[in-house]
Each structure stands twice: as structure tokens, then as C-alpha cells.
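Q: Just one file: model_21.txt, with compact mmCIF, C-alpha atoms.
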# COMPACT_ATOMS: atom_id res chain seq x y z
CA MET H 1 -44.15 75.26 45.97
CA ILE H 2 -46.62 72.44 46.50
CA GLU H 3 -47.46 71.44 50.06
CA ILE H 4 -49.74 68.50 50.75
CA ILE H 5 -50.82 67.50 54.26
CA GLY H 6 -53.10 64.62 55.27
CA LEU H 7 -54.58 64.10 51.82
CA ARG H 8 -57.20 61.36 51.52
CA LYS H 9 -59.33 60.23 48.63
CA GLN H 10 -61.47 57.12 48.90
CA TYR H 11 -63.01 55.50 45.84
CA SER H 12 -66.00 53.17 45.88
CA ASN H 13 -63.80 50.35 44.54
CA ASP H 14 -61.86 50.40 47.85
CA PHE H 15 -58.91 52.28 46.39
CA LEU H 16 -57.63 54.78 48.92
CA LEU H 17 -55.13 57.50 48.14
CA GLU H 18 -53.45 58.61 51.34
CA ILE H 19 -50.59 61.10 51.41
CA GLU H 20 -49.49 62.09 54.91
CA GLU H 21 -47.12 64.83 53.81
CA LEU H 22 -45.47 65.95 50.60
CA ASN H 23 -43.47 69.11 50.04
CA ILE H 24 -42.16 70.07 46.64
CA ASP H 25 -39.96 73.15 46.50
CA ASP H 26 -40.01 75.83 43.80
CA GLY H 27 -38.17 74.82 40.67
CA GLU H 28 -38.02 71.17 41.73
CA ARG H 29 -38.60 68.49 39.08
CA VAL H 30 -40.28 65.44 40.55
CA ALA H 31 -41.01 62.15 38.78
CA ILE H 32 -43.87 60.02 40.09
CA VAL H 33 -43.43 56.35 39.34
CA GLY H 34 -45.17 53.17 40.41
CA PRO H 35 -47.19 50.28 39.06
CA ASN H 36 -50.53 50.75 37.29
CA GLY H 37 -53.26 51.75 39.70
CA SER H 38 -50.82 52.97 42.35
CA GLY H 39 -52.41 56.45 42.42
CA LYS H 40 -50.04 58.52 40.24
CA SER H 41 -52.78 59.95 38.02
CA THR H 42 -55.20 60.37 40.93
CA LEU H 43 -52.61 62.39 42.84
CA LEU H 44 -51.93 64.64 39.84
CA ASN H 45 -55.66 65.07 39.13
CA ILE H 46 -56.28 66.07 42.74
CA ILE H 47 -53.42 68.57 42.78
CA ALA H 48 -54.74 70.04 39.51
CA GLY H 49 -58.22 70.40 40.98
CA VAL H 50 -59.84 68.09 38.44
CA ILE H 51 -60.81 65.55 41.12
CA SER H 52 -61.96 66.61 44.58
CA HIS H 53 -60.41 65.09 47.71
CA ASP H 54 -62.15 63.91 50.86
CA SER H 55 -59.82 65.52 53.40
CA GLY H 56 -56.45 67.14 53.83
CA SER H 57 -54.96 70.30 52.43
CA ILE H 58 -53.10 71.21 49.25
CA ASN H 59 -51.29 74.53 49.09
CA ILE H 60 -49.88 75.59 45.75
CA LYS H 61 -47.87 78.73 45.30
CA GLY H 62 -48.37 80.09 41.81
CA GLU H 63 -50.36 78.89 38.84
CA CYS H 64 -50.34 75.22 37.91
CA VAL H 65 -51.26 73.71 34.56
CA PHE H 66 -52.11 70.07 34.11
CA LEU H 67 -51.74 67.81 31.11
CA PRO H 68 -53.97 64.75 31.66
CA GLN H 69 -53.17 61.31 30.30
CA SER H 70 -55.84 61.58 27.57
CA PRO H 71 -56.26 65.29 26.94
CA TYR H 72 -59.14 66.56 24.83
CA CYS H 73 -58.31 67.37 21.23
CA PHE H 74 -60.44 70.32 20.13
CA GLN H 75 -61.93 70.52 16.63
CA GLY H 76 -60.16 72.85 14.26
CA SER H 77 -56.52 73.26 13.34
CA VAL H 78 -53.41 72.27 15.26
CA LEU H 79 -52.60 75.97 15.67
CA SER H 80 -56.04 76.78 17.12
CA ASN H 81 -55.66 73.90 19.57
CA VAL H 82 -52.37 75.31 20.80
CA LYS H 83 -53.84 78.81 21.06
CA ILE H 84 -56.43 77.51 23.53
CA GLY H 85 -53.52 77.02 25.94
CA LEU H 86 -53.00 80.79 26.02
CA ASN H 87 -56.34 81.06 27.81
CA GLY H 88 -56.87 84.59 26.50
CA SER H 89 -53.48 85.93 27.63
CA ALA H 90 -52.58 86.86 24.05
CA LYS H 91 -54.76 87.64 21.06
CA GLY H 92 -54.50 88.06 17.30
CA LYS H 93 -50.99 88.12 15.89
CA ASP H 94 -49.39 87.68 19.32
CA ALA H 95 -51.42 84.53 19.94
CA ARG H 96 -50.52 83.15 16.53
CA LYS H 97 -46.85 83.90 17.09
CA ALA H 98 -46.81 82.27 20.54
CA ALA H 99 -48.62 79.19 19.22
CA SER H 100 -46.25 78.92 16.24
CA GLU H 101 -43.24 79.10 18.54
CA ALA H 102 -44.67 76.41 20.81
CA LEU H 103 -45.28 74.21 17.75
CA LYS H 104 -41.71 74.80 16.68
CA LYS H 105 -40.47 73.51 20.03
CA THR H 106 -42.31 70.25 19.48
CA GLU H 107 -41.35 70.19 15.77
CA LEU H 108 -44.92 70.45 14.55
CA GLU H 109 -44.70 73.86 12.87
CA LYS H 110 -45.46 72.44 9.43
CA PHE H 111 -48.72 70.92 10.76
CA GLY H 112 -50.11 74.22 12.10
CA ARG H 113 -52.89 74.50 9.53
CA ASN H 114 -53.73 70.79 9.55
CA LYS H 115 -56.84 69.52 11.28
CA ALA H 116 -55.90 68.45 14.80
CA GLY H 117 -57.85 65.23 14.37
CA SER H 118 -55.64 64.20 11.45
CA LEU H 119 -52.49 63.86 13.59
CA SER H 120 -51.10 60.51 14.69
CA GLY H 121 -51.08 59.52 18.38
CA GLY H 122 -47.51 60.68 18.94
CA GLU H 123 -48.03 63.92 17.03
CA THR H 124 -51.19 64.60 19.03
CA GLN H 125 -49.21 64.24 22.27
CA ARG H 126 -46.61 66.68 20.93
CA MET H 127 -49.44 69.11 20.09
CA MET H 128 -50.81 68.76 23.63
CA LEU H 129 -47.38 69.49 25.02
CA ALA H 130 -47.10 72.56 22.77
CA ARG H 131 -50.50 73.70 24.06
CA MET H 132 -49.12 73.55 27.56
CA LEU H 133 -45.81 75.21 26.81
CA VAL H 134 -47.39 78.05 24.81
CA LYS H 135 -47.09 80.36 27.80
CA LYS H 136 -45.07 80.60 31.01
CA HIS H 137 -46.29 78.56 33.96
CA GLU H 138 -44.91 78.35 37.46
CA CYS H 139 -45.83 74.71 37.81
CA LEU H 140 -46.36 71.88 35.34
CA LEU H 141 -48.32 68.74 36.20
CA LEU H 142 -47.82 66.10 33.53
CA ASP H 143 -49.50 62.71 33.46
CA GLU H 144 -47.47 60.43 31.20
CA PRO H 145 -47.12 63.17 28.58
CA LEU H 146 -44.82 61.26 26.22
CA SER H 147 -46.25 57.75 26.39
CA ALA H 148 -47.11 57.64 22.66
CA VAL H 149 -44.01 59.50 21.43
CA ASP H 150 -41.16 57.54 19.83
CA ILE H 151 -37.77 57.29 21.57
CA GLU H 152 -36.04 59.85 19.37
CA PHE H 153 -38.68 62.50 20.00
CA CYS H 154 -38.88 61.54 23.68
CA ARG H 155 -35.26 62.66 24.20
CA LYS H 156 -35.88 65.89 22.25
CA LEU H 157 -39.05 66.70 24.17
CA GLU H 158 -37.39 65.91 27.49
CA ARG H 159 -34.82 68.55 26.53
CA VAL H 160 -37.67 70.96 25.68
CA LEU H 161 -39.26 70.37 29.09
CA LEU H 162 -35.95 70.83 30.91
CA ASP H 163 -35.28 74.08 29.02
CA PHE H 164 -38.80 75.34 29.76
CA CYS H 165 -38.37 74.68 33.48
CA ALA H 166 -34.89 76.25 33.52
CA GLN H 167 -36.01 79.38 31.65
CA ASN H 168 -39.14 79.96 33.72
CA GLY H 169 -38.03 78.51 37.06
CA SER H 170 -41.02 76.16 36.81
CA THR H 171 -41.75 73.33 39.18
CA MET H 172 -42.57 70.07 37.41
CA LEU H 173 -44.41 67.01 38.61
CA ILE H 174 -44.44 64.26 36.01
CA SER H 175 -45.76 60.73 36.15
CA THR H 176 -44.04 58.21 33.93
CA HIS H 177 -43.57 54.49 33.53
CA LEU H 178 -40.25 54.92 31.73
CA PRO H 179 -37.19 54.63 34.01
CA VAL H 180 -34.97 56.60 31.62
CA GLN H 181 -37.47 59.44 31.50
CA ALA H 182 -37.68 59.62 35.27
CA VAL H 183 -33.90 59.77 35.53
CA ASN H 184 -33.52 62.28 32.69
CA LEU H 185 -36.18 64.68 33.86
CA SER H 186 -36.26 64.62 37.63
CA THR H 187 -34.24 65.92 40.53
CA LYS H 188 -36.47 64.00 42.94
CA ILE H 189 -38.54 60.85 42.61
CA ILE H 190 -41.68 59.52 44.27
CA ILE H 191 -42.39 55.79 44.20
CA MET H 192 -46.06 55.07 44.79
CA ASN H 193 -47.81 51.86 45.68
CA ASN H 194 -51.46 51.24 46.60
CA GLY H 195 -52.23 54.94 46.95
CA ARG H 196 -49.28 55.67 49.27
CA ILE H 197 -45.84 57.15 48.84
CA GLU H 198 -43.29 54.40 49.44
CA GLU H 199 -40.18 56.42 48.65
CA TYR H 200 -39.47 60.12 48.16
CA GLY H 201 -36.03 61.63 47.77
CA ASN H 202 -33.27 62.64 45.39
CA THR H 203 -33.61 60.59 42.22
CA ARG H 204 -30.07 59.18 42.34
CA ASP H 205 -30.23 58.40 46.07
CA VAL H 206 -33.57 56.61 45.81
CA ILE H 207 -32.55 54.62 42.75
CA GLN H 208 -29.21 53.59 44.28
CA HIS H 209 -30.39 53.07 47.85
CA PRO H 210 -34.12 52.45 48.14
CA ASN H 211 -35.28 52.29 51.76
CA THR H 212 -38.38 50.14 51.50
CA LYS H 213 -38.94 46.58 50.43
CA PHE H 214 -41.41 47.68 47.75
CA GLY H 215 -38.98 50.36 46.50
CA LYS H 216 -36.24 47.73 46.10
CA MET H 217 -38.58 45.32 44.35
CA PHE H 218 -39.99 47.99 42.01
CA LEU H 219 -36.57 49.34 41.06
CA GLU H 220 -35.29 45.80 40.51
CA GLN H 221 -38.11 45.31 37.97
CA TRP H 222 -37.11 48.57 36.32
CA ARG H 223 -33.52 47.43 35.99
CA ILE H 224 -34.67 44.19 34.35
CA GLU H 225 -36.83 46.16 31.92
CA MET U 1 -96.37 58.64 -8.40
CA ILE U 2 -95.24 61.12 -11.07
CA ASP U 3 -98.86 62.21 -11.42
CA TYR U 4 -99.01 62.93 -7.69
CA ILE U 5 -95.78 64.96 -7.87
CA LYS U 6 -97.18 66.88 -10.85
CA GLN U 7 -100.37 67.52 -8.91
CA ALA U 8 -98.35 68.70 -5.88
CA PHE U 9 -96.48 71.25 -7.98
CA SER U 10 -99.59 72.41 -9.84
CA LEU U 11 -101.24 72.87 -6.45
CA LEU U 12 -98.33 74.96 -5.28
CA LEU U 13 -98.29 77.03 -8.46
CA SER U 14 -102.08 77.47 -8.56
CA GLY U 15 -101.78 80.10 -5.85
CA ASP U 16 -104.52 78.42 -3.81
CA SER U 17 -104.86 80.76 -0.85
CA GLU U 18 -105.92 78.00 1.56
CA LEU U 19 -102.95 75.85 0.66
CA TRP U 20 -100.50 78.69 1.19
CA GLN U 21 -102.22 79.56 4.46
CA ILE U 22 -101.81 75.92 5.59
CA ILE U 23 -98.14 75.99 4.59
CA GLY U 24 -97.67 79.27 6.47
CA VAL U 25 -99.23 77.95 9.69
CA THR U 26 -97.25 74.69 9.43
CA VAL U 27 -93.91 76.45 9.00
CA ARG U 28 -94.65 79.09 11.65
CA MET U 29 -95.82 76.52 14.20
CA SER U 30 -92.97 74.09 13.55
CA LEU U 31 -90.21 76.71 13.60
CA LEU U 32 -91.56 78.52 16.64
CA SER U 33 -92.05 75.36 18.70
CA THR U 34 -88.59 74.08 17.68
CA LEU U 35 -87.03 77.44 18.62
CA ILE U 36 -88.71 77.53 22.04
CA SER U 37 -87.84 73.86 22.68
CA CYS U 38 -84.21 74.53 21.74
CA LEU U 39 -84.04 77.60 23.97
CA ILE U 40 -85.19 75.44 26.89
CA GLY U 41 -83.79 72.04 25.97
CA LEU U 42 -80.30 72.81 24.65
CA PRO U 43 -78.99 74.72 27.70
CA LEU U 44 -80.71 72.27 30.04
CA GLY U 45 -79.34 69.24 28.18
CA VAL U 46 -75.81 70.63 27.87
CA ALA U 47 -75.81 71.63 31.56
CA ALA U 48 -77.02 68.17 32.56
CA GLY U 49 -74.49 66.49 30.28
CA ARG U 50 -71.66 68.53 31.76
CA ALA U 51 -72.59 68.37 35.41
CA GLU U 52 -72.21 65.50 37.82
CA PHE U 53 -75.00 65.64 40.37
CA ARG U 54 -76.97 63.31 42.55
CA GLY U 55 -80.06 62.19 40.66
CA LYS U 56 -78.52 62.64 37.21
CA GLY U 57 -79.45 59.06 36.32
CA LEU U 58 -83.05 59.75 37.36
CA PHE U 59 -83.08 62.99 35.34
CA VAL U 60 -81.87 61.12 32.25
CA ARG U 61 -84.44 58.33 32.74
CA ILE U 62 -87.31 60.80 33.16
CA THR U 63 -86.19 62.81 30.12
CA ASN U 64 -85.88 59.65 28.04
CA THR U 65 -89.34 58.53 29.15
CA PHE U 66 -90.82 61.87 28.05
CA MET U 67 -89.01 61.55 24.71
CA GLY U 68 -91.54 58.82 23.96
CA LEU U 69 -94.55 60.82 25.21
CA PRO U 70 -97.53 59.96 22.97
CA PRO U 71 -98.61 63.14 21.11
CA VAL U 72 -102.25 62.54 21.93
CA VAL U 73 -101.44 62.49 25.65
CA ALA U 74 -99.52 65.78 25.33
CA GLY U 75 -102.42 67.23 23.38
CA LEU U 76 -104.91 66.00 25.97
CA ILE U 77 -102.96 67.60 28.83
CA VAL U 78 -102.78 70.94 27.02
CA PHE U 79 -106.45 70.63 26.07
CA MET U 80 -107.43 70.11 29.73
CA PHE U 81 -105.35 73.08 30.86
CA LEU U 82 -106.65 75.40 28.15
CA SER U 83 -110.27 74.28 27.96
CA ARG U 84 -112.87 76.69 29.31
CA SER U 85 -113.10 74.83 32.64
CA GLY U 86 -109.32 74.39 32.87
CA PRO U 87 -106.91 76.55 34.93
CA PHE U 88 -105.89 78.61 31.89
CA GLY U 89 -109.33 78.64 30.21
CA SER U 90 -109.66 82.38 30.65
CA LEU U 91 -106.75 82.92 28.26
CA LYS U 92 -108.95 81.55 25.44
CA LEU U 93 -106.00 79.88 23.75
CA LEU U 94 -107.69 76.62 22.79
CA PHE U 95 -107.98 76.07 19.01
CA SER U 96 -105.26 78.61 18.32
CA VAL U 97 -101.75 78.32 16.88
CA THR U 98 -100.40 79.26 20.33
CA ALA U 99 -102.05 76.19 21.85
CA MET U 100 -100.53 74.05 19.10
CA VAL U 101 -97.10 75.52 19.80
CA ILE U 102 -97.50 74.82 23.54
CA ALA U 103 -98.37 71.18 22.82
CA GLN U 104 -95.44 70.88 20.41
CA VAL U 105 -93.04 72.39 22.97
CA ILE U 106 -94.17 69.79 25.54
CA LEU U 107 -93.47 67.07 23.00
CA ILE U 108 -90.19 68.36 21.59
CA THR U 109 -88.40 69.79 24.64
CA PRO U 110 -87.69 66.35 26.19
CA ILE U 111 -86.32 65.15 22.84
CA VAL U 112 -84.00 68.15 22.53
CA THR U 113 -82.99 67.90 26.21
CA GLY U 114 -82.37 64.15 26.12
CA LEU U 115 -80.36 64.17 22.91
CA SER U 116 -78.27 67.20 23.89
CA THR U 117 -77.54 65.61 27.28
CA SER U 118 -76.27 62.54 25.49
CA VAL U 119 -74.26 64.58 22.92
CA SER U 120 -72.61 66.82 25.49
CA SER U 121 -71.88 64.20 28.15
CA ALA U 122 -69.90 62.21 25.59
CA ARG U 123 -67.36 65.06 25.41
CA ALA U 124 -67.84 66.90 28.68
CA GLY U 125 -65.64 64.76 30.94
CA ARG U 126 -62.40 64.90 28.98
CA LEU U 127 -63.01 68.48 27.88
CA ARG U 128 -63.51 69.58 31.49
CA GLU U 129 -60.38 67.73 32.65
CA THR U 130 -58.33 69.41 29.90
CA ALA U 131 -59.87 72.85 30.40
CA VAL U 132 -59.44 72.79 34.19
CA GLY U 133 -55.86 71.70 33.60
CA LEU U 134 -55.29 74.73 31.39
CA GLY U 135 -56.88 77.04 33.96
CA ILE U 136 -59.90 77.81 31.76
CA GLY U 137 -62.87 79.25 33.69
CA ARG U 138 -66.31 77.66 33.95
CA LEU U 139 -68.11 79.97 31.51
CA LYS U 140 -65.46 79.49 28.84
CA GLN U 141 -65.62 75.73 29.44
CA VAL U 142 -69.36 75.78 28.66
CA LEU U 143 -68.77 77.89 25.54
CA LEU U 144 -66.04 75.51 24.40
CA LEU U 145 -68.33 72.52 24.97
CA LEU U 146 -71.13 74.19 22.97
CA SER U 147 -68.68 74.97 20.20
CA GLU U 148 -67.36 71.39 20.17
CA CYS U 149 -70.88 69.94 20.00
CA ARG U 150 -72.28 72.52 17.57
CA THR U 151 -72.81 70.23 14.58
CA GLN U 152 -74.47 67.56 16.70
CA LEU U 153 -76.63 70.17 18.43
CA ILE U 154 -77.87 71.39 15.04
CA SER U 155 -78.83 67.78 14.30
CA VAL U 156 -80.67 67.68 17.62
CA ALA U 157 -82.61 70.83 16.66
CA LEU U 158 -83.40 69.26 13.29
CA THR U 159 -84.72 66.14 15.00
CA GLY U 160 -87.00 68.42 17.03
CA PHE U 161 -88.14 70.18 13.87
CA GLY U 162 -88.79 66.84 12.18
CA ARG U 163 -91.05 65.85 15.05
CA ALA U 164 -92.82 69.22 15.01
CA ILE U 165 -93.60 69.29 11.30
CA SER U 166 -94.79 65.70 11.16
CA GLU U 167 -96.90 65.72 14.32
CA VAL U 168 -100.66 65.27 13.99
CA GLY U 169 -102.32 63.97 17.19
CA ALA U 170 -101.60 66.84 19.55
CA VAL U 171 -102.16 69.64 17.04
CA GLN U 172 -105.44 68.09 15.94
CA LEU U 173 -106.65 68.00 19.57
CA VAL U 174 -105.63 71.49 20.66
CA GLY U 175 -105.78 73.20 17.26
CA GLY U 176 -109.05 71.72 16.16
CA ASN U 177 -108.06 71.78 12.45
CA VAL U 178 -109.96 75.05 11.94
CA GLN U 179 -109.96 76.16 8.29
CA PHE U 180 -107.89 79.31 7.63
CA LYS U 181 -106.76 79.32 11.27
CA THR U 182 -105.18 76.20 12.74
CA ARG U 183 -105.15 73.79 9.81
CA VAL U 184 -101.64 72.45 9.17
CA MET U 185 -100.32 70.05 6.53
CA THR U 186 -100.71 66.91 8.65
CA THR U 187 -104.24 67.66 9.79
CA ALA U 188 -105.18 68.67 6.26
CA ILE U 189 -103.84 65.33 4.98
CA MET U 190 -105.94 63.53 7.61
CA LEU U 191 -109.03 65.48 6.57
CA GLU U 192 -108.54 64.88 2.85
CA THR U 193 -107.94 61.15 3.48
CA ASN U 194 -111.13 60.92 5.52
CA LYS U 195 -112.98 62.61 2.65
CA GLY U 196 -111.56 60.02 0.25
CA ASN U 197 -109.57 62.67 -1.56
CA PHE U 198 -106.45 60.48 -1.72
CA GLU U 199 -104.74 62.22 -4.66
CA PHE U 200 -104.98 65.59 -2.95
CA ALA U 201 -103.79 64.08 0.37
CA ILE U 202 -100.73 62.53 -1.30
CA ALA U 203 -99.97 65.81 -3.07
CA LEU U 204 -100.11 67.55 0.33
CA GLY U 205 -97.77 64.87 1.71
CA ILE U 206 -95.29 65.56 -1.06
CA ILE U 207 -95.41 69.30 -0.31
CA LEU U 208 -94.85 68.51 3.39
CA LEU U 209 -91.78 66.45 2.51
CA LEU U 210 -90.54 69.24 0.27
CA LEU U 211 -90.95 71.76 3.09
CA ALA U 212 -88.97 69.54 5.48
CA PHE U 213 -86.32 69.05 2.80
CA ILE U 214 -85.90 72.82 2.32
CA VAL U 215 -85.55 73.53 6.07
CA ILE U 216 -83.16 70.60 6.58
CA SER U 217 -81.08 71.64 3.56
CA VAL U 218 -80.67 75.15 5.01
CA ALA U 219 -79.61 73.69 8.38
CA TYR U 220 -77.26 71.24 6.64
CA ALA U 221 -75.61 74.11 4.76
CA MET U 222 -75.17 75.93 8.08
CA GLN U 223 -73.66 72.79 9.59
CA GLU U 224 -71.17 72.46 6.75
CA LYS U 225 -70.23 76.13 7.03
CA ILE U 226 -69.40 75.97 10.74
CA LYS U 227 -67.61 72.60 10.62
For the structure just supplied, provide its representation as C-alpha cells.
A:
Amino acid sequence: MIEIIGLRKQYSNDFLLEIEELNIDDGERVAIVGPNGSGKSTLLNIIAGVISHDSGSINIKGECVFLPQSPYCFQGSVLSNVKIGLNGSAKGKDARKAASEALKKTELEKFGRNKAGSLSGGETQRMMLARMLVKKHECLLLDEPLSAVDIEFCRKLERVLLDFCAQNGSTMLISTHLPVQAVNLSTKIIIMNNGRIEEYGNTRDVIQHPNTKFGKMFLEQWRIE
Amino acid sequence: MIDYIKQAFSLLLSGDSELWQIIGVTVRMSLLSTLISCLIGLPLGVAAGRAEFRGKGLFVRITNTFMGLPPVVAGLIVFMFLSRSGPFGSLKLLFSVTAMVIAQVILITPIVTGLSTSVSSARAGRLRETAVGLGIGRLKQVLLLLSECRTQLISVALTGFGRAISEVGAVQLVGGNVQFKTRVMTTAIMLETNKGNFEFAIALGIILLLLAFIVISVAYAMQEKIK
């Protein structure tokens, strides 16, 4: 469960993130959408503890992992990169096995011994996803995790994410700029604008009946796209 | 030039005790001062590169300023501190290899600190974001950063060594170029040049280059091994 109350983060460039209240239940899958600079990444970074906030409270039940928009690719092999995601929870053969299985999920098993730096942009994102899915997590925070992946793999990886959440009862908060992805992955959707939540509700309800002027305008743009 | 190289090698092979003593002091002083500077500068630089704190810009500017500290000034400061009337005069360190190492450490530490700050800060932000996201603790984050920057940090240490082995002003001032005690390759070259012994000075220069080449080759091999 993620509970946010009175969250505020002010940047020197006048951008203000302000979330009065946000409750995300266990096992919920929430898509965060909105135009560039609306605060999607900032919100995820604050929940993950990467960026500090000025005021307000964030209560998270369980352990959260966060996949930033441009995650760091460690030197060494693809397999060793994925093993870092285990964070010491498994060692030796067990670690190798877990990492190999995670790579299999993202269809990168044949690249295990390759240098991580030799992968293409899309393959690197799949490796980052494998690094995150290498062990069970109660909560996943994903910042545009599939932006460089081609459409075919996007659908496959969406399935992988859905299976992971179903098997582990994980909560997922994912920011995306792809309407189809938001619909495919989420049970609830947040539409953000200028650092505020404009709409929050069941994905289908919000998409069919947006309550705010901005929500209607934003979804209209989505339909055109 | 070939004659000079021949002379350099015949000097080396002649078993001249003074020459080998000079080589010994040069290597000992350069390695020791580089080691001490790295022990201070690398952790400090990596910590500064990783951390976001008020005054970081000022820290970087001061470090960068000291990177260009004239050797003679560093030597003069150490000389004043270690001279008989200075605050540490009673230690009787002036005109010793220790004094030369102190002067070298003052010169090299800002270089090692400044360069390692720059090397680590280039990676620290994204690495921290990713590591925090994966729930990796602070100590492991630092170890990961050190591991990621290892080849560049070896280059930083080599830059420090390069400065140490080629330095003349500070070591001349605080070492005094005492025969069989504090004479190093650079001060010996200066002395031989002043005496008009150009062939011998050039031969010494070639040996100095050879020494640097050997140390750098060893470090390069290490770099390749850990890549």
C-alpha cells in the first residue's frame, strides 16, 4: 500500500509538485500519464526515495523497487548487471540461476555473457527490466520502462509485468506516454498536469468519462494519436 | 640521440652506485608520495563527487586552484614549516626524503582529489538513482562507484605519479639535492646541466623516462586485467 498525504516539492524553476492525497491499495496497478514535465517522474522519484520532498508524508507498506527512466548500466556482462538486482539475496549458483531466469523472461538469455554496453537501446531496457524482476518485490515503481522497446516486445513485456504482479501480489506504479500501455497494464490511472493530479480512478471509467477539462483534452489528444 | 641512449644504458649497466642510489630515492619518493596522495585524495574526491552538499562548487574551485599550485611555492611552505625556526623544526626533517615526500603530497593530493571528483561525479548521479531504486545500501553504493570508476582512478593515480617523478622545484628546495641522500633524477639532471655535463644529463633524462615507462606499463597491465 502506498499512502501519500500533503506532498510538496518545489523546484527552483518554479515547478511545484503538489499531491493532496493519493492512496494505492496492495496489488493495484496504476498508470501515471500526462504531458512532458507534468511531474510523473518527479512523483516516482520521490516515492522511491531518490529525491527528497519538502513536506508531506509517504507511507509505503513493503519493499519498493524503482526503475528510473535512464537507469545506470554497470560495466561487465549482462548477467552480472542482472545479478546486481538481487542485492545480495542470493549468491553463487543461485544468483546465476535467478539472473538467467530473469533474462529468459525478457528474452535476453543468449546475451548473458555479452558486455552490457554492447546491447542496443531496446535490449538495454529489457536488461534493466530483468534486473528488476530478478527477485520478488511487493511494489514496482517504473518510469517509462519500455520507451525504447519495439511494439512486439512491448506486448510481451507487458505480459511479463502482469504475470510478475499476479504471481507476487505486487503493486505497480508505472509512468508511460503510450495510451495502449496504460490501458493494458493498469487497473487505475492517474492523469497529471503541472505537478498536480487531475484525474484518478479506474482506468476504464477515467478514459470513458473524464471529470476535468484537462482530462478530457488530454484523452482527446490520446485518441487522435 | 642514439649515442645518448647508448650512454644511458652503459650508465645503468656500469653499476655506478650513485646512479642506482639516485634511482632508488626517486622511485621510493615518487611511489610513496603517490600512495599517500591516493590514500587521501581518492576517497575524498570520490566522496565529493558522489555527495551533493552546500559549498561543493567552492570545494571544486579550491581543489582545482591547488591543482595548479607552483611546486616552488609548495616547497617554500614546507621549507618554512620544517626549517629550524619553523613550527616543526625540532623534527629535523629538512633535507630528508621525508620532507620531499611531504612537499610532493601537498602538490599531488589536490590533483588526485580534483580528478577523482570529476571522474566519480560523472557517474555518481545515475548510479545512485539506480542503486537507491534497487534498495542497495550506501556502503555498497560507494563500492559500486569505486568499481565502476576503477580504470579511470588508476589513470588518476598515474597522473599523480607522473607529477611526482618529474617534479624538481619543491624537492630541490626541501631536499637540498644532497649527494647519496636526497638527490633524485630531476635534481641530478639540473646539477649536471649546470656543470655543463649535457651528455650525462640527457642520459639521466632517458633513464627517468624509462623508469616512468616501466611504472606506467605495470599500471596499464593492471588496468587491462581489471577491465
Q: For Asn23 of chain H, please output as a PDB file with C-alpha atoms, in the frame of the given file all residues within 7 Å (counting only C-alpha atoms; exclusion window: fewer than 2 positions along the same chain).
A:
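Writing done, so here's out-v7.pdb:
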ATOM      1  CA  ILE H   2     -46.620  72.440  46.500  1.00  0.00           C
ATOM      2  CA  GLU H   3     -47.460  71.440  50.060  1.00  0.00           C
ATOM      3  CA  ILE H   4     -49.740  68.500  50.750  1.00  0.00           C
ATOM      4  CA  GLU H  21     -47.120  64.830  53.810  1.00  0.00           C
ATOM      5  CA  ASP H  25     -39.960  73.150  46.500  1.00  0.00           C
TER       6      ASP H  25
END
Q: Please put the answer as AutoDock Vina command-line options: centre and edge lengths, in Å with one decimal, of a box along x, y and z that encloses all listed atoms of segment 141-145 of chain U plus 6 Å on each side.
A:
--center_x -67.5 --center_y 75.2 --center_z 26.9 --size_x 15.7 --size_y 17.4 --size_z 17.0
Q: For chain H, report every residue with an atom at most 9 Å from chain U (counting all atoms listed in the file), formatted as a PDB file with C-alpha atoms, in the frame of the given file.
A:
ATOM      1  CA  ASN H  45     -55.660  65.070  39.130  1.00  0.00           C
ATOM      2  CA  ALA H  48     -54.740  70.040  39.510  1.00  0.00           C
ATOM      3  CA  GLY H  49     -58.220  70.400  40.980  1.00  0.00           C
ATOM      4  CA  VAL H  50     -59.840  68.090  38.440  1.00  0.00           C
ATOM      5  CA  ILE H  51     -60.810  65.550  41.120  1.00  0.00           C
ATOM      6  CA  GLU H  63     -50.360  78.890  38.840  1.00  0.00           C
ATOM      7  CA  CYS H  64     -50.340  75.220  37.910  1.00  0.00           C
ATOM      8  CA  VAL H  65     -51.260  73.710  34.560  1.00  0.00           C
ATOM      9  CA  PHE H  66     -52.110  70.070  34.110  1.00  0.00           C
ATOM     10  CA  LEU H  67     -51.740  67.810  31.110  1.00  0.00           C
ATOM     11  CA  PRO H  68     -53.970  64.750  31.660  1.00  0.00           C
ATOM     12  CA  SER H  70     -55.840  61.580  27.570  1.00  0.00           C
ATOM     13  CA  PRO H  71     -56.260  65.290  26.940  1.00  0.00           C
ATOM     14  CA  TYR H  72     -59.140  66.560  24.830  1.00  0.00           C
ATOM     15  CA  CYS H  73     -58.310  67.370  21.230  1.00  0.00           C
ATOM     16  CA  PHE H  74     -60.440  70.320  20.130  1.00  0.00           C
ATOM     17  CA  GLN H  75     -61.930  70.520  16.630  1.00  0.00           C
ATOM     18  CA  GLY H  76     -60.160  72.850  14.260  1.00  0.00           C
ATOM     19  CA  ILE H  84     -56.430  77.510  23.530  1.00  0.00           C
ATOM     20  CA  GLY H  85     -53.520  77.020  25.940  1.00  0.00           C
ATOM     21  CA  LEU H  86     -53.000  80.790  26.020  1.00  0.00           C
ATOM     22  CA  ASN H  87     -56.340  81.060  27.810  1.00  0.00           C
ATOM     23  CA  ARG H 131     -50.500  73.700  24.060  1.00  0.00           C
ATOM     24  CA  MET H 132     -49.120  73.550  27.560  1.00  0.00           C
ATOM     25  CA  LEU H 141     -48.320  68.740  36.200  1.00  0.00           C
TER      26      LEU H 141
END
Q: Do you have the atom CA of Asp205 of chain H-atom CA of Thr187 of chain H distance handy?
A: 10.2 Å
Q: Find the residue from H:Leu178, H:Leu7, H:Leu103, H:Val78 that sits nearest to Pro35 of chain H; use only C-alpha atoms when measuring.
A: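 Looking only at the distances to Pro35 of chain H, the closest residue turns out to be H:Leu178.
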Q: Which is closest to Asp54 of chain H among H:Arg155, H:His177, H:Lys9, H:Lys105, if we use only C-alpha atoms?
A: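 Nearest candidate to Asp54 of chain H out of H:Arg155, H:His177, H:Lys9, H:Lys105: H:Lys9.
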Q: Tell me, in Å to one decimal, how far atom CA of Glu123 of chain H is from atom CA of Glu152 of chain H.
A: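 These two atoms are separated by 12.9 Å.
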